[in-house]
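Read through the structure below, which is laid out as structure tokens, and then see the notes.
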Amino acid sequence: MVAARGLARRVAGLTAVLRARNQGVHFARYASAPRSLHVLANGAQEISQTCAKIGATTVLNQRLRARSFAAAAALPSHQILPMPSLSPTMTEGSIGEWKMNVGDKVSAGDILCDIQTDKATMEMESMEDGYLARILIPAGDGMIAVGKPVAIIVDSAEDIAAFADFVASDDAPAAPTAAEPARVLAERPDLRATANQGTPLRTSRAPSNVEVAVVDPNSSMITVRDALNKAMEEEMTKDEKIFVMGEEVGEYQGAYKITRGLLQKFGPKRVYDTPITEAGFCGIGVGAGFSGLKPIVEFMTWNFAMQAIDQIINSAGKTLYMSSGTISCPIVFRGPNGAAAGVGAQHSQCFAAWYMSVPGLKVLAPYSAEDAKGLLKAAIRDPDPVIFLENELLYGQEFPMSEASQSDDFVVPIGKAKIERVGEDVTLIAFSKMVGFCLDAAEELAAEGVSAEVINLRTLRPLDKDAIIESVKKTSRVVVVEEGWPTCGVGSEICTIISEEAFDYLDAPPERVTGVDIPMPYAVNLEKAALPQIHDVVRVAKRACYRSV
């Protein structure tokens, strides 16, 4: 609990945080934010919804009022405990049994009650020390909405009597409207304030000479999952030196069924199920690459590859240079990268910028089924280590594949971007899942008279600078979209390249739309607020074109 004498210290600390972060409070920055601020964040749906709409100072005031820190309430310092959200989809629950009685001393970690949902029975823990002053919702009192007050904890036993007749108010203050989303989870470059600017003169235009998407009338709809599977099957059929290894790639057919059928076709000597030890099996894979084999190493998620970062960077990535070009490592590291859905901070990170910064690696990030098949085949044939960043949410998505792309010889060249949509007014640059967001945003922009060109990077290292520069020369405006963090991100590098090599062609500053600069929240609504959405791309593209937003 927050003692009265500690309140001033906590508020002062929060003031310093707010002063340092003008754009909002980072509830997930547990190292710096006062603990009292995020006690309610895990469970209060109305708090998280409010956080997505209003400014940090307003949220702070509401939180303080909800916790009754203000002396104006004529009550001792206390904590109102809401019904927590114990899963991403939980909206209500019932209290099965209270484990504590009014007057009991409570320590952090003590079980207060059992909460029953339609899926399971879970426990509600106390976050801090104090005394249980009042139970607002009795056990067995039906379903209770997430965020509704259920109990009160106070600092000392002498304060319990003051809450004998306390009734919690469910009335939430109305959220003020804002010209632009003022998310509490801010620190996103696309959410910065922009002064009212006039429409500048258009500069010169240059013709585009990069690959442009063309729809083949004879194309077939293929999922990204099947395209990846086909690429490995075709290459393994042609070259006996290629083998696959990773957790559950064989008997289980792959965690995401990307390796489905490969064990049955090629046998256990070429499809290896490994123990759960990324550092171990990556080391084996790198050694196999040094010896002349061509391993494909699957990570269940690229988040787990952090266990093997030394093998990937120091062994696979640097040995060719350190051996004066005599020892190469033809190896592919592949698996899902970036955010999925409801898997939390440790399973949602985008590693594109990390690996993109490492000399000695090639980094690929496919969007469509054609990208997936053509780029994976190119990666397998490449003599150097390749980082292959897939997206879990794209595995089941179908894309048209031309007859040519379904042949055994189809390969997408590494280092070559693709114009998915031709436009004249603004360039939208993205990779992986965000390409689809940009295409959807381009449709919305077209309805408002803005012609957007969409570039699918496909390769992040080496980056296709020519495609980027040529498009910027044509449109004079650019928005880079990525799910990763803004600091030192893919968008940062691209905006720098444009500023250095195409500055004279710009009619507006390069813009970025990125993920929020925090670890990924677990709650569904906060997760959505932390990731770029289509309306973010539309808003920033209009801003780049000096349209009203």
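Simple scheme: letters A, B, ... for chains in structure tokens order, numbers from 1 for residues in each chain, numbers from 1 for ligands in the order shown.
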
Applying 12 Å and only C-alpha atoms, which residues near Met143 (chain A) remain after dropping the ones on its own chain fewer than 5 positions away? List them as a list in words. Met83, Met90, Thr91, Glu92, Gly93, Ser94, Ile95, Gly96, Ile115, Gln116, Thr117, Asp118, Ile137, Pro138, Lys148 and Val150 of chain A

For region 408-411 of chain A, list every protein, DNA or RNA residue within 12 Å, evaluated using only C-alpha atoms, and leave out those in the same chain fewer than 3 positions away; present the list as a count of residues only. 30

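All residues of protein, DNA or RNA that reach within 7 Å of Glu123 (chain A), judged by only C-alpha atoms and not counting those fewer than 4 positions away in the chain, are Ile111, Cys113, Asp114 and Ile115 of chain A.
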
Output of the above residues as a compact mmCIF listing (two decimals), in the first residue's frame, restricted to N, CA, C and O atoms:
```
# COMPACT_ATOMS: atom_id res chain seq x y z
N ILE A 111 -2.85 -14.63 -1.55
CA ILE A 111 -4.02 -14.90 -2.37
C ILE A 111 -5.24 -14.28 -1.69
O ILE A 111 -5.57 -14.63 -0.56
N CYS A 113 -8.48 -14.04 -3.32
CA CYS A 113 -9.71 -14.76 -3.66
C CYS A 113 -9.48 -15.62 -4.89
O CYS A 113 -8.48 -15.46 -5.61
N ASP A 114 -10.41 -16.54 -5.13
CA ASP A 114 -10.46 -17.33 -6.36
C ASP A 114 -11.41 -16.64 -7.33
O ASP A 114 -12.50 -16.22 -6.95
N ILE A 115 -10.98 -16.54 -8.58
CA ILE A 115 -11.82 -15.93 -9.62
C ILE A 115 -12.14 -16.98 -10.67
O ILE A 115 -11.23 -17.65 -11.19
```

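Remark: for Glu448 (chain A), the closest of the candidate residues A:Arg547, A:Lys119, A:Arg334, A:Lys418 is A:Arg547 (distances computed over only C-alpha atoms).
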
Considering only C-alpha atoms, give me a table of residues in region 319-418 of chain A that are at most 10 Å from region 241-258 of chain A, with the closest atom pair and distance in Å for each, as CSV.
```
residue,atom,partner,partner_atom,distance
A:Pro330,CA,A:Ile242,CA,9.8
A:Ile331,CA,A:Ile242,CA,9.3
A:Val332,CA,A:Val244,CA,9.5
A:Phe333,CA,A:Met245,CA,10.0
A:Arg334,CA,A:Gly246,CA,9.9
A:Gly335,CA,A:Ile258,CA,9.4
A:Pro336,CA,A:Tyr256,CA,9.2
A:Ile380,CA,A:Ile242,CA,8.1
A:Arg381,CA,A:Ile242,CA,9.6
A:Glu392,CA,A:Tyr256,CA,8.0
A:Tyr395,CA,A:Tyr256,CA,8.0
A:Gly396,CA,A:Tyr256,CA,9.6
```

In Å, rounded to a single decimal, give me how far CA of Ala352 (chain A) is from CA of Gly285 (chain A). 21.3 Å

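Contact shell of Pro385 (chain A) at 10 Å (only C-alpha atoms; same-chain neighbours under 4 positions omitted): A:Val286, A:Gly289, A:Lys294, A:Pro295, A:Ile312, A:Ile313, A:Ala316, A:Gly317, A:Lys318, A:Leu320, A:Ser328, A:Cys329, A:Pro330, A:Ile331, A:Val332, A:Phe333, A:Gly360, A:Leu361, A:Lys362, A:Val363, A:Ala379, A:Ile380.
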
Contacts of region 337-341 of chain A within 10 Å, only C-alpha atoms, excl. fewer than 3 positions in-chain, as a VMD selection string: chain A and resid 88 299 to 303 334 344 to 352 365 388 to 394 432 to 433 482 to 484 515 520 522 to 524 527 to 528 531

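Counting only C-alpha atoms and comparing A:Leu457, A:Met434, A:Ile160, A:Ala529, the residue that lies closest to Asp517 (chain A) is A:Ala529.
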
Can you work out which one of A:Val480, A:Ala288, A:Leu81, A:Val102 has the shortest atom-to-atom distance to Met124 (chain A), counting only C-alpha atoms? A:Leu81

Would you work out the distance separating CA of Trp354 (chain A) from CA of Gly489 (chain A), expressed in Å to one decimal? 8.3 Å

Can you measure CA of Arg458 (chain A) to CA of Pro217 (chain A) for me? One decimal in Å is fine. 23.4 Å

Region 423-431 of chain A: which residues within 7 Å, counting only C-alpha atoms, same-chain residues fewer than 6 positions away excluded, as a PyMOL selection string? chain A and resi 365+367+438+450-458+471-472+474-482+541

Would you save the residues from that selection as a JSON list (two decimals), in the first residue's frame, using N, CA, C and O atoms?
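Ended up saving to part_35.json:
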```json
[["chain", "number", "residue", "atom", "x", "y", "z"],
["A", 365, "ALA", "N", 12.84, -10.56, -45.37],
["A", 365, "ALA", "CA", 11.55, -10.48, -44.68],
["A", 365, "ALA", "C", 10.42, -10.53, -45.71],
["A", 365, "ALA", "O", 10.00, -9.50, -46.22],
["A", 367, "TYR", "N", 6.71, -10.96, -47.57],
["A", 367, "TYR", "CA", 5.32, -10.58, -47.30],
["A", 367, "TYR", "C", 4.36, -11.59, -47.90],
["A", 367, "TYR", "O", 3.58, -12.23, -47.21],
["A", 438, "CYS", "N", 0.02, -1.21, -45.46],
["A", 438, "CYS", "CA", 0.24, -0.08, -46.37],
["A", 438, "CYS", "C", -0.64, -0.17, -47.60],
["A", 438, "CYS", "O", -1.14, 0.86, -48.09],
["A", 450, "VAL", "N", -5.50, 10.85, -52.63],
["A", 450, "VAL", "CA", -4.05, 10.75, -52.44],
["A", 450, "VAL", "C", -3.56, 9.46, -53.09],
["A", 450, "VAL", "O", -4.02, 8.37, -52.74],
["A", 451, "SER", "N", -2.62, 9.58, -54.02],
["A", 451, "SER", "CA", -2.08, 8.42, -54.73],
["A", 451, "SER", "C", -0.81, 7.95, -54.03],
["A", 451, "SER", "O", 0.21, 8.64, -54.06],
["A", 452, "ALA", "N", -0.87, 6.79, -53.40],
["A", 452, "ALA", "CA", 0.26, 6.27, -52.62],
["A", 452, "ALA", "C", 0.95, 5.14, -53.35],
["A", 452, "ALA", "O", 0.31, 4.24, -53.87],
["A", 453, "GLU", "N", 2.27, 5.20, -53.38],
["A", 453, "GLU", "CA", 3.09, 4.11, -53.92],
["A", 453, "GLU", "C", 3.55, 3.24, -52.76],
["A", 453, "GLU", "O", 4.01, 3.77, -51.73],
["A", 454, "VAL", "N", 3.44, 1.93, -52.89],
["A", 454, "VAL", "CA", 3.79, 1.01, -51.80],
["A", 454, "VAL", "C", 4.99, 0.16, -52.22],
["A", 454, "VAL", "O", 4.94, -0.54, -53.23],
["A", 455, "ILE", "N", 6.06, 0.26, -51.42],
["A", 455, "ILE", "CA", 7.26, -0.52, -51.68],
["A", 455, "ILE", "C", 7.37, -1.64, -50.65],
["A", 455, "ILE", "O", 7.34, -1.40, -49.45],
["A", 456, "ASN", "N", 7.48, -2.86, -51.15],
["A", 456, "ASN", "CA", 7.73, -4.04, -50.33],
["A", 456, "ASN", "C", 9.24, -4.28, -50.35],
["A", 456, "ASN", "O", 9.80, -4.70, -51.36],
["A", 457, "LEU", "N", 9.91, -4.04, -49.24],
["A", 457, "LEU", "CA", 11.37, -4.12, -49.21],
["A", 457, "LEU", "C", 11.89, -5.52, -49.50],
["A", 457, "LEU", "O", 12.90, -5.70, -50.18],
["A", 458, "ARG", "N", 11.27, -6.53, -48.95],
["A", 458, "ARG", "CA", 11.65, -7.94, -49.10],
["A", 458, "ARG", "C", 13.03, -8.26, -48.52],
["A", 458, "ARG", "O", 13.18, -9.19, -47.76],
["A", 471, "SER", "N", 11.74, 6.02, -56.03],
["A", 471, "SER", "CA", 10.35, 6.29, -55.67],
["A", 471, "SER", "C", 10.23, 7.65, -54.99],
["A", 471, "SER", "O", 9.28, 8.41, -55.26],
["A", 472, "VAL", "N", 11.15, 7.96, -54.10],
["A", 472, "VAL", "CA", 11.11, 9.26, -53.42],
["A", 472, "VAL", "C", 11.30, 10.40, -54.41],
["A", 472, "VAL", "O", 10.68, 11.46, -54.29],
["A", 474, "LYS", "N", 10.19, 10.44, -57.29],
["A", 474, "LYS", "CA", 8.92, 10.57, -58.00],
["A", 474, "LYS", "C", 7.84, 11.21, -57.14],
["A", 474, "LYS", "O", 7.09, 12.08, -57.60],
["A", 475, "THR", "N", 7.74, 10.80, -55.87],
["A", 475, "THR", "CA", 6.63, 11.27, -55.03],
["A", 475, "THR", "C", 7.00, 12.46, -54.14],
["A", 475, "THR", "O", 6.12, 13.22, -53.73],
["A", 476, "SER", "N", 8.26, 12.56, -53.76],
["A", 476, "SER", "CA", 8.78, 13.65, -52.91],
["A", 476, "SER", "C", 8.31, 13.57, -51.46],
["A", 476, "SER", "O", 8.59, 14.47, -50.67],
["A", 477, "ARG", "N", 7.61, 12.52, -51.12],
["A", 477, "ARG", "CA", 7.15, 12.34, -49.74],
["A", 477, "ARG", "C", 7.25, 10.86, -49.40],
["A", 477, "ARG", "O", 7.00, 10.00, -50.24],
["A", 478, "VAL", "N", 7.57, 10.56, -48.13],
["A", 478, "VAL", "CA", 7.79, 9.16, -47.78],
["A", 478, "VAL", "C", 7.35, 8.90, -46.34],
["A", 478, "VAL", "O", 7.54, 9.73, -45.45],
["A", 479, "VAL", "N", 6.75, 7.73, -46.15],
["A", 479, "VAL", "CA", 6.38, 7.22, -44.82],
["A", 479, "VAL", "C", 6.90, 5.80, -44.72],
["A", 479, "VAL", "O", 6.57, 4.96, -45.56],
["A", 480, "VAL", "N", 7.72, 5.52, -43.70],
["A", 480, "VAL", "CA", 8.25, 4.17, -43.48],
["A", 480, "VAL", "C", 7.47, 3.53, -42.33],
["A", 480, "VAL", "O", 7.31, 4.14, -41.27],
["A", 481, "VAL", "N", 6.99, 2.31, -42.55],
["A", 481, "VAL", "CA", 6.12, 1.65, -41.57],
["A", 481, "VAL", "C", 6.78, 0.36, -41.11],
["A", 481, "VAL", "O", 7.21, -0.46, -41.92],
["A", 482, "GLU", "N", 6.84, 0.16, -39.78],
["A", 482, "GLU", "CA", 7.38, -1.08, -39.21],
["A", 482, "GLU", "C", 6.74, -1.33, -37.86],
["A", 482, "GLU", "O", 6.27, -0.41, -37.18],
["A", 541, "ALA", "N", 0.43, 9.59, -43.61],
["A", 541, "ALA", "CA", 0.59, 9.86, -45.04],
["A", 541, "ALA", "C", -0.10, 11.16, -45.43],
["A", 541, "ALA", "O", 0.43, 11.96, -46.22]]
```

Do a neighbour search on region 491-495 of chain A at 8 Å with only C-alpha atoms, toss out local chain neighbours closer than 2 positions, and write the hits as a PDB file with N, CA and C atoms, in the first residue's frame.
```
ATOM      1  N   VAL A 480       7.722   5.518 -43.702  1.00  0.00           N
ATOM      2  CA  VAL A 480       8.251   4.172 -43.476  1.00  0.00           C
ATOM      3  C   VAL A 480       7.475   3.531 -42.333  1.00  0.00           C
ATOM      4  N   VAL A 481       6.993   2.313 -42.549  1.00  0.00           N
ATOM      5  CA  VAL A 481       6.119   1.648 -41.573  1.00  0.00           C
ATOM      6  C   VAL A 481       6.776   0.357 -41.107  1.00  0.00           C
ATOM      7  N   GLU A 482       6.837   0.161 -39.783  1.00  0.00           N
ATOM      8  CA  GLU A 482       7.378  -1.077 -39.207  1.00  0.00           C
ATOM      9  C   GLU A 482       6.741  -1.330 -37.855  1.00  0.00           C
ATOM     10  N   PRO A 486      10.932   2.427 -32.405  1.00  0.00           N
ATOM     11  CA  PRO A 486      11.397   3.560 -33.215  1.00  0.00           C
ATOM     12  C   PRO A 486      12.891   3.838 -33.102  1.00  0.00           C
ATOM     13  N   THR A 487      13.465   3.627 -31.923  1.00  0.00           N
ATOM     14  CA  THR A 487      14.870   3.972 -31.727  1.00  0.00           C
ATOM     15  C   THR A 487      15.774   3.002 -32.476  1.00  0.00           C
ATOM     16  N   CYS A 488      16.627   3.547 -33.350  1.00  0.00           N
ATOM     17  CA  CYS A 488      17.567   2.736 -34.134  1.00  0.00           C
ATOM     18  C   CYS A 488      16.841   1.657 -34.941  1.00  0.00           C
ATOM     19  N   GLY A 489      15.678   1.970 -35.474  1.00  0.00           N
ATOM     20  CA  GLY A 489      14.887   0.990 -36.203  1.00  0.00           C
ATOM     21  C   GLY A 489      15.182   0.969 -37.687  1.00  0.00           C
ATOM     22  N   ILE A 497      18.985   7.411 -45.020  1.00  0.00           N
ATOM     23  CA  ILE A 497      19.420   7.236 -46.414  1.00  0.00           C
ATOM     24  C   ILE A 497      18.746   8.258 -47.321  1.00  0.00           C
ATOM     25  N   ILE A 498      17.443   8.436 -47.135  1.00  0.00           N
ATOM     26  CA  ILE A 498      16.704   9.386 -47.960  1.00  0.00           C
ATOM     27  C   ILE A 498      17.204  10.807 -47.721  1.00  0.00           C
ATOM     28  N   SER A 499      17.436  11.157 -46.464  1.00  0.00           N
ATOM     29  CA  SER A 499      17.911  12.502 -46.148  1.00  0.00           C
ATOM     30  C   SER A 499      19.298  12.756 -46.727  1.00  0.00           C
ATOM     31  N   PRO A 510      10.777  13.186 -44.027  1.00  0.00           N
ATOM     32  CA  PRO A 510      10.451  11.748 -43.991  1.00  0.00           C
ATOM     33  C   PRO A 510       9.721  11.415 -42.694  1.00  0.00           C
ATOM     34  N   GLU A 511       8.721  10.556 -42.790  1.00  0.00           N
ATOM     35  CA  GLU A 511       7.896  10.197 -41.632  1.00  0.00           C
ATOM     36  C   GLU A 511       8.062   8.712 -41.308  1.00  0.00           C
ATOM     37  N   ARG A 512       7.799   8.368 -40.042  1.00  0.00           N
ATOM     38  CA  ARG A 512       7.832   6.965 -39.607  1.00  0.00           C
ATOM     39  C   ARG A 512       6.548   6.624 -38.855  1.00  0.00           C
ATOM     40  N   THR A 514       5.753   3.454 -36.323  1.00  0.00           N
ATOM     41  CA  THR A 514       6.433   2.330 -35.685  1.00  0.00           C
ATOM     42  C   THR A 514       5.615   1.786 -34.526  1.00  0.00           C
TER      43      THR A 514
END
```

DSSP strand (DSSP E) residues within region 188-437 of chain A, as a PyMOL selection string: chain A and resi 220-223+242-246+271-273+294-298+332-336+362-364+386-390+398-401+418-421+426-430

Dump of C-alpha atoms for the selected residues, as an mmCIF file, in the first residue's frame:
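Contents of the output file again_11.cif:
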```cif
data_model
loop_
_atom_site.group_PDB
_atom_site.id
_atom_site.type_symbol
_atom_site.label_atom_id
_atom_site.label_comp_id
_atom_site.auth_asym_id
_atom_site.auth_seq_id
_atom_site.Cartn_x
_atom_site.Cartn_y
_atom_site.Cartn_z
ATOM 1 C CA SER A 220 -3.351 -19.700 -58.029
ATOM 2 C CA MET A 221 -4.069 -18.807 -54.412
ATOM 3 C CA ILE A 222 -1.382 -20.257 -52.131
ATOM 4 C CA THR A 223 -0.784 -19.720 -48.416
ATOM 5 C CA ILE A 242 20.468 -29.480 -47.426
ATOM 6 C CA PHE A 243 18.892 -30.565 -44.159
ATOM 7 C CA VAL A 244 16.416 -29.093 -41.662
ATOM 8 C CA MET A 245 16.816 -28.949 -37.896
ATOM 9 C CA GLY A 246 14.945 -27.394 -35.000
ATOM 10 C CA VAL A 271 15.032 -33.607 -40.787
ATOM 11 C CA TYR A 272 16.314 -33.428 -37.204
ATOM 12 C CA ASP A 273 14.194 -32.864 -34.101
ATOM 13 C CA LYS A 294 23.602 -26.473 -46.028
ATOM 14 C CA PRO A 295 21.508 -26.423 -42.857
ATOM 15 C CA ILE A 296 18.123 -24.753 -42.464
ATOM 16 C CA VAL A 297 17.712 -23.960 -38.759
ATOM 17 C CA GLU A 298 14.161 -23.252 -37.594
ATOM 18 C CA VAL A 332 19.549 -20.259 -43.188
ATOM 19 C CA PHE A 333 18.089 -19.260 -39.833
ATOM 20 C CA ARG A 334 14.312 -18.993 -40.194
ATOM 21 C CA GLY A 335 11.162 -18.648 -38.079
ATOM 22 C CA PRO A 336 8.380 -16.233 -37.088
ATOM 23 C CA LYS A 362 21.826 -11.172 -45.203
ATOM 24 C CA VAL A 363 18.369 -10.350 -43.817
ATOM 25 C CA LEU A 364 15.156 -11.228 -45.666
ATOM 26 C CA VAL A 386 20.843 -15.649 -44.070
ATOM 27 C CA ILE A 387 18.381 -14.382 -41.466
ATOM 28 C CA PHE A 388 14.883 -15.232 -42.705
ATOM 29 C CA LEU A 389 12.204 -13.297 -40.800
ATOM 30 C CA GLU A 390 8.695 -14.675 -41.288
ATOM 31 C CA GLU A 398 -3.452 -16.750 -49.183
ATOM 32 C CA PHE A 399 -1.792 -14.808 -51.996
ATOM 33 C CA PRO A 400 -1.922 -15.187 -55.789
ATOM 34 C CA MET A 401 1.086 -17.015 -57.232
ATOM 35 C CA LYS A 418 9.190 -4.631 -55.253
ATOM 36 C CA ILE A 419 6.627 -1.929 -55.949
ATOM 37 C CA GLU A 420 3.344 -3.490 -54.886
ATOM 38 C CA ARG A 421 1.303 -0.447 -55.920
ATOM 39 C CA VAL A 426 3.557 9.679 -51.319
ATOM 40 C CA THR A 427 5.750 6.580 -50.932
ATOM 41 C CA LEU A 428 4.842 4.004 -48.263
ATOM 42 C CA ILE A 429 7.762 1.700 -47.431
ATOM 43 C CA ALA A 430 7.315 -1.482 -45.389
#
```
